[in-house]
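Enquirer: model_39.txt is reproduced below (compact mmCIF, C-alpha atoms).
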```
# COMPACT_ATOMS: atom_id res chain seq x y z
CA MET A 20 22.06 2.42 5.60
CA THR A 21 22.46 0.00 2.70
CA LEU A 22 20.26 -3.03 3.09
CA GLN A 23 21.18 -6.58 2.21
CA LEU A 24 18.13 -8.81 2.49
CA GLY A 25 19.42 -12.30 1.87
CA ARG A 26 20.57 -12.32 -1.74
CA HIS A 27 19.10 -8.90 -2.55
CA PRO A 28 20.92 -5.54 -2.05
CA PHE A 29 19.04 -2.23 -1.86
CA ALA A 30 20.38 1.31 -2.15
CA ASP A 31 20.70 3.64 0.82
CA ASP A 32 17.64 5.67 -0.04
CA ALA A 33 15.33 2.86 -1.19
CA THR A 34 11.99 2.33 0.51
CA LEU A 35 10.51 -1.14 0.37
CA MET A 36 7.00 -2.56 0.40
CA MET A 37 6.67 -5.80 2.34
CA ALA A 38 3.36 -7.37 1.38
CA ILE A 39 1.66 -9.61 3.93
CA VAL A 40 0.85 -13.10 2.68
CA ASN A 41 -0.97 -15.20 5.25
CA ARG A 42 -0.95 -18.97 5.15
CA THR A 43 -3.39 -18.96 8.01
CA PRO A 44 -7.11 -19.72 8.32
CA ASP A 45 -7.73 -17.00 10.89
CA SER A 46 -5.61 -13.82 10.48
CA PHE A 47 -7.47 -10.70 11.54
CA TYR A 48 -7.54 -8.84 8.24
CA ASP A 49 -8.18 -11.44 5.57
CA GLN A 50 -9.94 -14.09 7.70
CA GLY A 51 -8.31 -16.96 5.86
CA ALA A 52 -8.68 -15.62 2.32
CA THR A 53 -5.25 -16.99 1.37
CA TRP A 54 -5.30 -20.07 3.60
CA ALA A 55 -5.35 -22.36 0.56
CA GLU A 56 -1.89 -22.62 -0.96
CA ASP A 57 -3.02 -21.61 -4.45
CA ALA A 58 -4.84 -18.57 -3.04
CA ALA A 59 -1.67 -17.54 -1.22
CA PHE A 60 0.33 -18.07 -4.40
CA ASP A 61 -2.16 -15.88 -6.29
CA ARG A 62 -1.73 -13.23 -3.59
CA VAL A 63 2.05 -13.33 -4.17
CA ALA A 64 1.53 -12.84 -7.91
CA ALA A 65 -0.82 -9.93 -7.24
CA VAL A 66 1.50 -8.07 -4.86
CA VAL A 67 4.51 -8.65 -7.11
CA ALA A 68 2.52 -7.11 -9.97
CA GLN A 69 1.74 -4.19 -7.66
CA GLY A 70 5.44 -3.62 -7.11
CA ALA A 71 6.08 -5.17 -3.70
CA GLU A 72 9.78 -5.85 -3.18
CA ILE A 73 9.20 -8.23 -0.27
CA VAL A 74 6.57 -10.79 0.64
CA ASP A 75 6.15 -11.65 4.31
CA ILE A 76 4.80 -15.17 4.58
CA GLY A 77 3.25 -16.13 7.88
CA GLY A 78 1.88 -19.44 9.10
CA ILE A 79 0.56 -18.33 12.50
CA LYS A 80 -1.68 -15.40 13.25
CA ALA A 81 -0.28 -13.00 15.82
CA ALA A 82 -3.33 -12.97 18.08
CA PRO A 83 -4.10 -15.73 20.56
CA GLY A 84 -5.77 -18.79 19.11
CA GLU A 85 -5.40 -22.44 18.45
CA GLU A 86 -1.93 -23.70 19.31
CA ILE A 87 0.11 -24.31 16.17
CA SER A 88 3.05 -26.69 16.57
CA ALA A 89 6.39 -26.06 14.88
CA ALA A 90 5.67 -29.04 12.63
CA GLU A 91 2.32 -27.60 11.62
CA GLU A 92 3.86 -24.16 11.05
CA LYS A 93 6.54 -25.68 8.83
CA GLY A 94 3.87 -27.57 6.94
CA ARG A 95 2.17 -24.28 6.18
CA VAL A 96 5.18 -22.28 5.06
CA VAL A 97 8.27 -24.28 4.04
CA ASP A 98 7.08 -25.81 0.76
CA PHE A 99 5.29 -22.60 -0.03
CA VAL A 100 8.51 -20.61 0.36
CA ALA A 101 10.24 -23.03 -2.02
CA ARG A 102 7.45 -22.60 -4.56
CA VAL A 103 7.61 -18.79 -4.37
CA ARG A 104 11.43 -18.89 -4.53
CA ALA A 105 11.30 -20.93 -7.73
CA ALA A 106 8.71 -18.69 -9.36
CA TYR A 107 10.17 -15.31 -8.30
CA PRO A 108 13.99 -15.40 -8.14
CA SER A 109 14.35 -11.65 -7.60
CA LEU A 110 11.68 -11.30 -4.92
CA VAL A 111 12.71 -10.91 -1.28
CA ILE A 112 11.04 -13.67 0.72
CA SER A 113 10.46 -12.94 4.38
CA VAL A 114 8.94 -15.39 6.80
CA ASP A 115 7.06 -14.20 9.85
CA THR A 116 8.14 -16.61 12.58
CA TRP A 117 9.68 -16.50 16.02
CA ARG A 118 10.82 -20.16 16.02
CA ALA A 119 14.43 -21.00 15.15
CA GLU A 120 13.40 -24.45 13.95
CA VAL A 121 10.97 -22.96 11.46
CA GLY A 122 13.47 -20.27 10.52
CA ALA A 123 16.10 -22.85 9.63
CA ALA A 124 13.69 -24.79 7.45
CA VAL A 125 12.48 -21.76 5.50
CA CYS A 126 16.05 -20.57 4.97
CA GLU A 127 16.82 -23.95 3.42
CA ALA A 128 13.79 -23.40 1.17
CA GLY A 129 15.02 -20.01 0.00
CA ALA A 130 13.91 -17.34 2.47
CA ASP A 131 15.92 -14.10 2.63
CA LEU A 132 14.62 -12.54 5.79
CA LEU A 133 13.32 -13.73 9.15
CA ASN A 134 10.67 -11.38 10.51
CA ASP A 135 10.62 -12.11 14.21
CA ALA A 136 7.53 -10.28 15.35
CA TRP A 137 8.01 -11.53 18.91
CA GLY A 138 11.23 -9.79 19.81
CA GLY A 139 13.67 -12.66 20.13
CA ALA A 140 11.47 -15.00 22.14
CA ASP A 141 13.53 -17.87 20.71
CA PRO A 142 17.16 -16.91 21.37
CA GLU A 143 18.51 -19.21 18.65
CA LEU A 144 16.76 -17.40 15.79
CA VAL A 145 19.72 -15.02 15.37
CA ASP A 146 22.06 -18.00 14.99
CA VAL A 147 19.86 -19.38 12.23
CA ALA A 148 19.93 -16.02 10.43
CA ALA A 149 23.72 -15.84 10.75
CA GLU A 150 24.26 -19.41 9.63
CA HIS A 151 22.15 -18.97 6.49
CA GLY A 152 23.30 -15.44 5.65
CA VAL A 153 19.80 -14.01 5.81
CA ALA A 154 18.48 -10.80 7.29
CA ILE A 155 16.51 -10.43 10.50
CA VAL A 156 13.87 -8.03 11.83
CA CYS A 157 14.36 -7.19 15.50
CA THR A 158 11.09 -6.12 17.07
CA HIS A 159 10.06 -4.64 20.39
CA THR A 160 7.33 -6.42 22.31
CA GLY A 161 8.13 -5.30 25.83
CA GLY A 162 8.93 -8.89 26.70
CA ALA A 163 5.51 -10.18 25.70
CA THR A 164 5.05 -13.90 25.27
CA PRO A 165 4.27 -14.81 21.66
CA ARG A 166 0.62 -14.64 20.74
CA THR A 167 -0.52 -12.74 23.81
CA ARG A 168 -2.39 -9.47 23.93
CA PRO A 169 -1.14 -6.55 26.02
CA PHE A 170 -2.85 -6.19 29.38
CA ARG A 171 -2.17 -3.08 31.48
CA VAL A 172 1.33 -2.71 30.09
CA GLU A 173 3.13 0.40 31.32
CA TYR A 174 6.40 2.00 30.23
CA ASP A 175 8.34 4.88 31.73
CA ASP A 176 9.07 5.82 28.12
CA VAL A 177 7.78 3.49 25.44
CA VAL A 178 10.08 4.86 22.73
CA ALA A 179 13.16 4.55 24.92
CA ALA A 180 12.11 0.99 25.74
CA ALA A 181 11.58 0.19 22.06
CA ILE A 182 14.97 1.61 21.15
CA ASP A 183 16.76 -0.15 24.02
CA ASP A 184 15.23 -3.53 23.24
CA THR A 185 15.53 -3.44 19.47
CA VAL A 186 19.08 -2.09 19.48
CA ARG A 187 20.09 -4.71 22.05
CA TYR A 188 18.49 -7.37 19.88
CA ALA A 189 20.24 -5.95 16.79
CA GLU A 190 23.59 -6.07 18.58
CA ARG A 191 22.90 -9.62 19.65
CA ALA A 192 22.23 -10.51 16.01
CA LEU A 193 25.44 -8.76 14.98
CA ALA A 194 27.42 -10.63 17.63
CA ALA A 195 25.90 -13.90 16.41
CA GLY A 196 27.29 -13.16 12.95
CA VAL A 197 24.40 -11.56 11.06
CA ALA A 198 25.75 -8.91 8.67
CA ARG A 199 25.26 -5.33 9.89
CA GLU A 200 23.44 -4.38 6.67
CA SER A 201 21.06 -7.31 7.18
CA ILE A 202 19.61 -6.18 10.49
CA VAL A 203 16.37 -4.19 10.66
CA ILE A 204 14.55 -2.86 13.73
CA ASP A 205 10.79 -2.56 14.23
CA PRO A 206 8.99 -0.84 17.11
CA ALA A 207 6.12 -3.31 16.57
CA HIS A 208 3.00 -1.21 16.83
CA ASP A 209 0.34 -2.86 19.02
CA PHE A 210 2.70 -5.59 20.22
CA GLY A 211 2.96 -5.18 23.99
CA LYS A 212 1.48 -1.73 23.52
CA ASN A 213 -1.83 -0.01 23.98
CA THR A 214 -3.10 2.51 21.47
CA PHE A 215 -1.49 5.43 23.30
CA HIS A 216 1.86 3.66 23.14
CA SER A 217 1.53 2.96 19.40
CA LEU A 218 0.57 6.57 18.73
CA GLU A 219 3.59 7.79 20.68
CA VAL A 220 5.90 5.40 18.85
CA THR A 221 4.52 6.75 15.58
CA ARG A 222 4.92 10.37 16.69
CA ARG A 223 8.52 9.79 17.80
CA LEU A 224 9.61 7.29 15.15
CA GLY A 225 12.44 9.62 14.15
CA GLU A 226 14.22 8.68 17.39
CA MET A 227 14.34 5.07 16.23
CA VAL A 228 15.58 6.11 12.79
CA ASP A 229 18.33 8.12 14.52
CA THR A 230 19.80 4.89 15.91
CA GLY A 231 21.13 4.28 12.40
CA TRP A 232 19.50 0.86 12.10
CA PRO A 233 17.01 0.66 9.21
CA VAL A 234 13.47 0.83 10.56
CA LEU A 235 10.52 -1.34 9.54
CA VAL A 236 6.98 -0.31 10.44
CA SER A 237 3.97 -2.58 10.53
CA LEU A 238 0.91 -0.36 10.76
CA SER A 239 -1.51 -1.92 8.36
CA ASN A 240 -5.11 -1.91 9.59
CA LYS A 241 -4.00 -2.41 13.18
CA ASP A 242 -6.08 -1.85 16.29
CA PHE A 243 -4.35 1.40 17.22
CA VAL A 244 -5.70 2.81 13.96
CA GLY A 245 -9.09 1.26 14.58
CA GLU A 246 -9.34 2.54 18.16
CA THR A 247 -8.10 6.01 17.24
CA LEU A 248 -10.80 6.40 14.60
CA ASP A 249 -13.34 3.97 16.07
CA LEU A 250 -13.40 1.96 12.88
CA PRO A 251 -13.55 -1.80 12.35
CA VAL A 252 -11.11 -3.87 10.30
CA GLY A 253 -11.92 -3.16 6.67
CA GLU A 254 -12.33 0.59 7.23
CA ARG A 255 -8.86 1.46 8.43
CA LEU A 256 -6.99 2.17 5.20
CA VAL A 257 -7.10 5.96 5.42
CA GLY A 258 -5.95 5.93 9.04
CA THR A 259 -3.23 3.43 8.15
CA LEU A 260 -2.00 5.68 5.37
CA ALA A 261 -1.96 8.72 7.66
CA ALA A 262 0.26 6.81 10.09
CA THR A 263 2.34 5.62 7.13
CA ALA A 264 2.93 9.21 6.02
CA VAL A 265 4.18 10.20 9.48
CA CYS A 266 6.56 7.22 9.59
CA ALA A 267 7.79 7.96 6.08
CA GLN A 268 8.53 11.55 7.03
CA ALA A 269 10.58 10.20 9.93
CA GLY A 270 12.52 7.94 7.56
CA ALA A 271 11.15 4.39 7.94
CA ARG A 272 12.60 2.15 5.22
CA ILE A 273 10.32 -0.91 5.09
CA TYR A 274 6.51 -0.93 5.26
CA ARG A 275 4.71 -4.16 6.09
CA VAL A 276 1.35 -3.80 4.39
CA HIS A 277 -1.88 -5.31 3.17
CA GLU A 278 -2.38 -2.56 0.54
CA VAL A 279 0.76 -2.24 -1.60
CA VAL A 280 -0.35 0.30 -4.21
CA GLU A 281 -1.78 2.85 -1.80
CA THR A 282 1.13 2.59 0.61
CA ARG A 283 3.68 2.91 -2.19
CA GLN A 284 2.03 6.13 -3.36
CA VAL A 285 2.01 7.61 0.13
CA VAL A 286 5.63 6.67 0.83
CA ASP A 287 6.86 7.95 -2.55
CA MET A 288 4.98 11.22 -2.10
CA VAL A 289 6.31 11.79 1.41
CA TRP A 290 9.83 10.70 0.43
CA SER A 291 9.76 13.31 -2.37
CA ILE A 292 8.40 16.01 -0.05
CA ALA A 293 11.26 15.19 2.30
CA GLY A 294 13.67 15.71 -0.59
CA ARG A 295 14.89 12.09 -0.62
CA ARG A 296 13.33 11.09 -3.94
CA PRO A 297 12.97 13.06 -7.21
CA PRO A 298 9.53 13.35 -8.76
CA ARG A 299 8.76 10.57 -11.21
CA ARG A 300 8.42 12.95 -14.14
CA ALA A 301 8.34 16.73 -13.70
CA ILE A 302 7.95 19.11 -16.65
CA ARG A 303 5.42 21.65 -15.37
CA GLY A 304 7.09 25.05 -15.58
CA LEU A 305 10.32 23.42 -16.75
CA ALA A 306 9.70 22.91 -20.50
CA MET B 28 36.94 36.11 -35.75
CA SER B 29 34.03 33.89 -34.91
CA PRO B 30 34.96 30.30 -34.30
CA SER B 31 33.73 27.99 -36.99
CA ARG B 32 31.90 25.54 -34.76
CA LEU B 33 28.45 26.70 -33.72
CA ALA B 34 25.52 25.08 -31.97
CA LEU B 35 22.06 26.03 -30.74
CA VAL B 36 20.26 24.44 -27.78
CA PRO B 37 17.05 25.48 -25.97
CA GLY B 38 17.29 26.81 -22.39
CA VAL B 39 15.11 24.07 -20.92
CA PRO B 40 15.24 24.01 -17.08
CA ALA B 41 14.39 20.31 -17.06
CA LEU B 42 17.93 19.74 -18.36
CA LEU B 43 19.37 20.93 -15.02
CA PRO B 44 20.28 18.37 -12.34
CA SER B 45 18.32 20.31 -9.71
CA TYR B 46 15.17 19.60 -11.72
CA ALA B 47 15.93 15.98 -12.56
CA SER B 48 13.10 13.45 -12.47
CA ILE B 49 13.34 9.68 -12.06
CA ASP B 50 12.05 9.29 -15.63
CA ASP B 51 13.66 11.98 -17.78
CA PRO B 52 10.90 13.94 -19.56
CA VAL B 53 13.41 15.34 -22.06
CA ALA B 54 15.65 12.33 -22.66
CA ASP B 55 15.84 12.70 -26.45
CA LEU B 56 16.39 16.44 -26.24
CA ARG B 57 19.10 15.95 -23.61
CA ALA B 58 20.93 13.43 -25.79
CA ALA B 59 20.84 15.80 -28.75
CA CYS B 60 22.02 18.74 -26.61
CA LEU B 61 24.96 16.74 -25.27
CA THR B 62 25.96 15.68 -28.77
CA ALA B 63 25.85 19.30 -29.88
CA ALA B 64 27.75 20.60 -26.85
CA GLY B 65 30.35 17.90 -27.36
CA SER B 66 31.00 19.00 -30.93
CA LEU B 67 32.32 22.43 -29.96
CA GLY B 68 35.81 21.62 -28.69
CA PRO B 69 37.26 22.29 -25.22
CA ARG B 70 36.74 26.08 -24.91
CA VAL B 71 33.28 27.31 -25.67
CA ARG B 72 31.85 30.77 -25.78
CA VAL B 73 28.29 30.86 -24.44
CA VAL B 74 25.68 33.18 -25.90
CA ALA B 75 22.72 33.11 -23.52
CA PRO B 76 20.56 36.14 -22.86
CA HIS B 77 19.58 35.19 -19.32
CA ASP B 78 20.80 33.37 -16.24
CA LEU B 79 18.68 30.25 -16.75
CA GLY B 80 19.98 29.78 -20.29
CA ARG B 81 23.53 30.32 -19.09
CA ARG B 82 23.08 27.68 -16.37
CA VAL B 83 21.76 25.21 -18.93
CA ALA B 84 24.69 25.91 -21.26
CA ARG B 85 27.26 25.54 -18.48
CA GLN B 86 25.68 22.30 -17.33
CA LEU B 87 25.78 20.82 -20.83
CA LEU B 88 29.40 21.88 -21.28
CA ALA B 89 30.36 20.44 -17.90
CA GLU B 90 28.77 17.13 -18.83
CA VAL B 91 30.83 16.85 -22.02
CA GLY B 92 34.05 18.00 -20.34
CA ALA B 93 34.24 21.40 -22.05
CA GLU B 94 34.51 24.75 -20.33
CA GLU B 95 33.01 28.16 -20.90
CA SER B 96 35.66 30.52 -22.25
CA THR B 97 35.83 33.75 -24.22
CA ASP B 98 39.59 33.39 -24.63
CA ASP B 99 40.38 31.82 -28.01
CA PRO B 100 37.15 29.75 -28.03
CA THR B 101 36.97 26.59 -30.10
CA GLY B 102 33.22 26.91 -30.55
CA THR B 103 30.11 28.89 -29.66
CA LEU B 104 27.01 27.58 -27.90
CA VAL B 105 23.89 29.66 -28.39
CA VAL B 106 20.83 29.25 -26.15
CA GLY B 107 17.36 29.95 -27.47
CA ASN B 108 14.12 28.44 -28.72
CA GLY B 109 10.99 29.13 -30.69
CA SER B 110 7.52 29.91 -29.43
CA ALA B 111 5.96 28.49 -26.27
CA LYS B 112 2.37 28.66 -27.53
CA ARG B 113 2.08 25.74 -29.86
CA THR B 114 -0.72 23.77 -28.17
CA LEU B 115 -3.59 24.19 -25.73
CA LYS B 116 -1.40 22.70 -23.03
CA ALA B 117 1.67 24.75 -23.93
CA PRO B 118 3.05 26.99 -21.16
CA GLY B 119 1.64 30.03 -22.98
CA HIS B 120 -1.54 28.26 -24.20
CA PHE B 121 -2.33 28.08 -27.94
CA ASP B 122 -1.65 30.95 -30.28
CA GLU B 123 -2.47 30.36 -33.94
CA ARG B 124 0.44 32.57 -35.02
CA ALA B 125 3.00 30.36 -33.29
CA GLU B 126 3.42 27.64 -35.90
CA VAL B 127 4.00 30.08 -38.77
CA PHE B 128 6.43 32.01 -36.61
CA ASP B 129 8.38 28.84 -35.83
CA ASP B 130 8.34 27.72 -39.47
CA ASP B 131 9.90 31.04 -40.53
CA LEU B 132 12.45 30.81 -37.77
CA ARG B 133 13.31 27.23 -38.68
CA ARG B 134 13.93 28.22 -42.29
CA ALA B 135 16.20 31.10 -41.26
CA LEU B 136 18.18 28.83 -38.96
CA LEU B 137 18.57 25.84 -41.23
CA GLU B 138 19.17 27.34 -44.67
CA PRO B 139 20.67 29.45 -43.10
CA ILE B 140 19.57 33.01 -43.81
CA PRO B 141 21.61 35.02 -41.26
CA GLY B 142 20.04 38.35 -42.25
CA ALA B 143 16.54 37.05 -41.56
CA LEU B 144 17.41 36.22 -37.94
CA THR B 145 17.46 39.87 -36.96
CA GLY B 146 14.28 40.58 -38.88
CA PHE B 147 11.81 38.88 -36.57
CA ASP B 148 9.19 41.11 -35.00
CA GLU B 149 10.37 41.55 -31.43
CA ARG B 150 6.92 42.23 -30.12
CA LEU B 151 5.49 39.12 -31.77
CA ALA B 152 8.39 37.03 -30.43
CA GLU B 153 7.62 38.33 -26.95
CA GLU B 154 3.93 37.62 -27.31
CA LEU B 155 4.70 34.07 -28.40
CA TRP B 156 7.14 33.58 -25.50
CA ALA B 157 9.97 32.81 -27.93
CA ASP B 158 13.52 33.01 -26.57
CA LEU B 159 15.15 34.88 -29.43
CA ALA B 160 17.81 37.13 -27.91
CA GLY B 161 20.57 34.52 -28.25
CA ILE B 162 19.33 33.44 -31.66
CA ARG B 163 19.62 36.99 -32.97
CA ALA B 164 23.34 36.88 -32.18
CA LEU B 165 23.62 34.04 -34.70
CA ALA B 166 23.10 36.62 -37.45
CA ASP B 167 26.68 37.77 -36.90
CA LEU B 168 28.09 34.27 -36.53
CA LEU B 169 26.44 32.41 -39.40
CA THR B 170 27.17 32.80 -43.09
CA PRO B 171 25.16 31.40 -45.98
CA ALA B 172 28.07 28.99 -46.46
CA HIS B 173 27.32 27.30 -43.10
CA ARG B 174 25.63 23.95 -43.24
CA ALA B 175 23.15 22.99 -40.57
CA GLU B 176 22.84 19.57 -39.02
CA VAL B 177 19.59 19.15 -37.08
CA GLY B 178 19.86 17.10 -33.88
CA TYR B 179 16.36 17.85 -32.62
CA ASP B 180 13.32 19.64 -34.01
CA ASP B 181 10.12 19.20 -32.05
CA ALA B 182 7.71 20.86 -29.64
CA PRO B 183 6.92 18.04 -27.19
CA TYR B 184 5.45 20.34 -24.54
CA GLY B 185 4.16 23.06 -26.81
CA VAL B 186 7.54 24.81 -26.84
CA GLN B 187 9.52 24.68 -30.09
CA TYR B 188 13.00 23.30 -29.49
CA TRP B 189 15.83 23.04 -31.96
CA VAL B 190 19.22 21.53 -31.50
CA VAL B 191 21.35 22.50 -34.46
CA CYS B 192 25.07 22.27 -35.21
CA TRP B 193 26.58 24.35 -37.97
CA SER B 194 29.88 23.84 -39.71
CA ALA B 195 31.43 26.23 -42.18
```
Show me this structure written as structure tokens.
Expert:
Amino acid sequence: MTLQLGRHPFADDATLMMAIVNRTPDSFYDQGATWAEDAAFDRVAAVVAQGAEIVDIGGIKAAPGEEISAAEEKGRVVDFVARVRAAYPSLVISVDTWRAEVGAAVCEAGADLLNDAWGGADPELVDVAAEHGVAIVCTHTGGATPRTRPFRVEYDDVVAAAIDDTVRYAERALAAGVARESIVIDPAHDFGKNTFHSLEVTRRLGEMVDTGWPVLVSLSNKDFVGETLDLPVGERLVGTLAATAVCAQAGARIYRVHEVVETRQVVDMVWSIAGRRPPRRAIRGLA
Amino acid sequence: MSPSRLALVPGVPALLPSYASIDDPVADLRAACLTAAGSLGPRVRVVAPHDLGRRVARQLLAEVGAEESTDDPTGTLVVGNGSAKRTLKAPGHFDERAEVFDDDLRRALLEPIPGALTGFDERLAEELWADLAGIRALADLLTPAHRAEVGYDDAPYGVQYWVVCWSA
């Protein structure tokens, strides 16, 4: 499906790299490396140079931790979004937030996409997206409360649950007035899921793609990779890329990543194997 | 009677849509081929010794809105190229005889010297992986009065390509 992410259209067959930019002191992967605004801005410059089409700016880490008020979250992201908007007019700016109040403020500052990692916990977020003409990511969390870890979560069928919830959320966004081509679904690996659930969602991602809604996957260095290979954060790139390849084969369109260059290579390679992308430059045997 | 408008292009598979890349590895060659194909009028006789060459010729004609025809043709499109052993990375690796071979062939094509086109050693041409069968047919189509206009003359991948248009 054609994608319209805020002011930016993308062709039917385009795959997109969404680079994670944390304005947090405590996110699991970078441990606050881009907490300072200038460091985060440098991270944006780096991922743009690496070819990322989207930056996903977040002001609150997903895991439990110190309570961050809406005011504090806005303080971390709103002015930063405006600064990135001014510097990179053609970049898609996503903001990772579940709060409608924050969503409205970042849209005013120039955001194109609201990445609601917590599955519609704030019911008014879709209205904000509709009102500002931005896109929205509809995730599956199994009803988890924001910033909680899964504890003994069970599903009859985790993929069916992910499809039901994300499609229902997508239809809610559509009914609220968000454009059809501006709605993305995300099974949300590790959110409300144990490692077995995340592996199954990966294995059966094609069923989500078959819904017709564009699919985003967020796999990067997550615990399901770490537990599967028994590797700590910092040693999960190869496992992440293996999961990325499987999701690309299934047809995922957007990849939320820490490592842009490596993920882009994997997705391009798989997309070409699948016959959806020509080689960059083929002359061997054809001269 | 042979039609007066004549052109030569190489039978390069990379010119086919089924082998298209994101970044065209033969962009300059393709542009020259399309210019040549477009100079032949609406009905073009194709002289290609093999299926691949014929597919390339048909594709080029389709792209310029001409059609293959043997009925009162307005022009003739010949498919062929020189050696494929010009460099170490050439498809046929390096053969020191290749450059001389191509120089002689170039002279015969561009002067032109129609009689010389049938005089090339067939065994040597085969050893150098040159695609000469179509080019030999030019001996009957060209006259010394023809004037050649070169659209392309290079061996970017170790294969000698020419794009030439002749007018009488």
Enquirer: Provide as a ChimeraX atom specification the residues of chain B at most 9 Å from chain A, counting all atoms listed in the file.
Expert: /B:38-42,46-53,111,117-118,183-186
Enquirer: Residues at most 7 Å from range 66-73 of chain B, counting only C-alpha atoms, excluding those fewer than 3 positions away in the same chain, as a list in words?
Expert: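 Here the answer would be Arg32, Leu33, Thr62, Ala63, Ala84, Ala93, Glu94, Glu95, Ser96, Thr97, Pro100, Thr101, Gly102, Thr103, Leu104 and Val105 of chain B.
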Enquirer: List the neighbours of range 132-149 of chain B out to 12 Å using only C-alpha atoms; skip same-chain residues closer than 4 positions along the sequence, and give me the result as a ChimeraX atom specification.
Expert: /B:33-35,107-110,125-128,153-181,187-195
Enquirer: By how many Å are CA of Glu150 in chain A and CA of Gly196 in chain A apart?
Expert: 7.7 Å
Enquirer: Could you name the residues that touch Glu281 in chain A at 10 Å or less, counting all atoms listed in the file, but leaving out those on the same chain fewer than 5 positions away, as a PyMOL selection string?
Expert: chain A and resi 69+256-257+260+276+286
Enquirer: Considering all atoms listed in the file, can you say which of A:Tyr274, A:Trp290, A:Phe210, A:Tyr174 comes closest to Lys241 in chain A?
Expert: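 Closest candidate: A:Phe210.
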Enquirer: My list of candidates is B:Asp55, B:Ser45, B:Lys116, B:Ala152. Which is closest to Asp129 in chain B when distances are computed with all atoms listed in the file?
Expert: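 Of all the options, B:Ala152 lies closest to Asp129 in chain B.
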Enquirer: What lies within 12 Å of Pro169 in chain A using all atoms listed in the file, ignoring chain neighbours under 5 positions off, as a short mmCIF file (atom, residue, chain, number, x, y, z; two decimals) with C-alpha atoms, in the frame of the given file?
Expert:
```
data_model
loop_
_atom_site.label_atom_id
_atom_site.label_comp_id
_atom_site.auth_asym_id
_atom_site.auth_seq_id
_atom_site.Cartn_x
_atom_site.Cartn_y
_atom_site.Cartn_z
CA ALA A 82 -3.33 -12.97 18.08
CA PRO A 83 -4.10 -15.73 20.56
CA THR A 160 7.33 -6.42 22.31
CA GLY A 161 8.13 -5.30 25.83
CA GLY A 162 8.93 -8.89 26.70
CA ALA A 163 5.51 -10.18 25.70
CA THR A 164 5.05 -13.90 25.27
CA HIS A 208 3.00 -1.21 16.83
CA ASP A 209 0.34 -2.86 19.02
CA PHE A 210 2.70 -5.59 20.22
CA GLY A 211 2.96 -5.18 23.99
CA LYS A 212 1.48 -1.73 23.52
CA ASN A 213 -1.83 -0.01 23.98
CA THR A 214 -3.10 2.51 21.47
CA HIS A 216 1.86 3.66 23.14
CA SER A 217 1.53 2.96 19.40
CA ASP A 242 -6.08 -1.85 16.29
#
```
Enquirer: What's around range 105-119 of chain A at 7 Å? Count only C-alpha atoms, leave out sequence neighbours fewer than 4 positions away in its own chain, and write the answer as number ranges by chain.
Expert: A: 24, 27, 72-77, 101, 123, 130-137, 139-141, 143-144, 147
Enquirer: Could you please determine the separation between CA of Ile39 in chain A and CA of Asn240 in chain A in Å, to one decimal place?
Expert: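 Interatomic distance, CA of Ile39 in chain A to CA of Asn240 in chain A: 11.7 Å.
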Enquirer: One decimal, in Å: what's the spacing between CA of Thr282 in chain A and CA of Gly253 in chain A?
Expert: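 Going from CA of Thr282 in chain A over to CA of Gly253 in chain A covers 15.5 Å.
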Enquirer: Can you work out which one of A:Gly70, A:Trp232, A:Leu224, A:Phe170 has the shortest atom-to-atom distance to Tyr188 in chain A, counting all atoms listed in the file?
Expert: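 Checking each of A:Gly70, A:Trp232, A:Leu224, A:Phe170 against Tyr188 in chain A, counting all atoms listed in the file, the winner is A:Trp232.
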Enquirer: Between B:Asp99, B:Val74, B:His120, B:Cys60, single out the one closest to Gln86 in chain B, counting all atoms listed in the file.
Expert: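 For Gln86 in chain B, the nearest of the candidates is B:Cys60.
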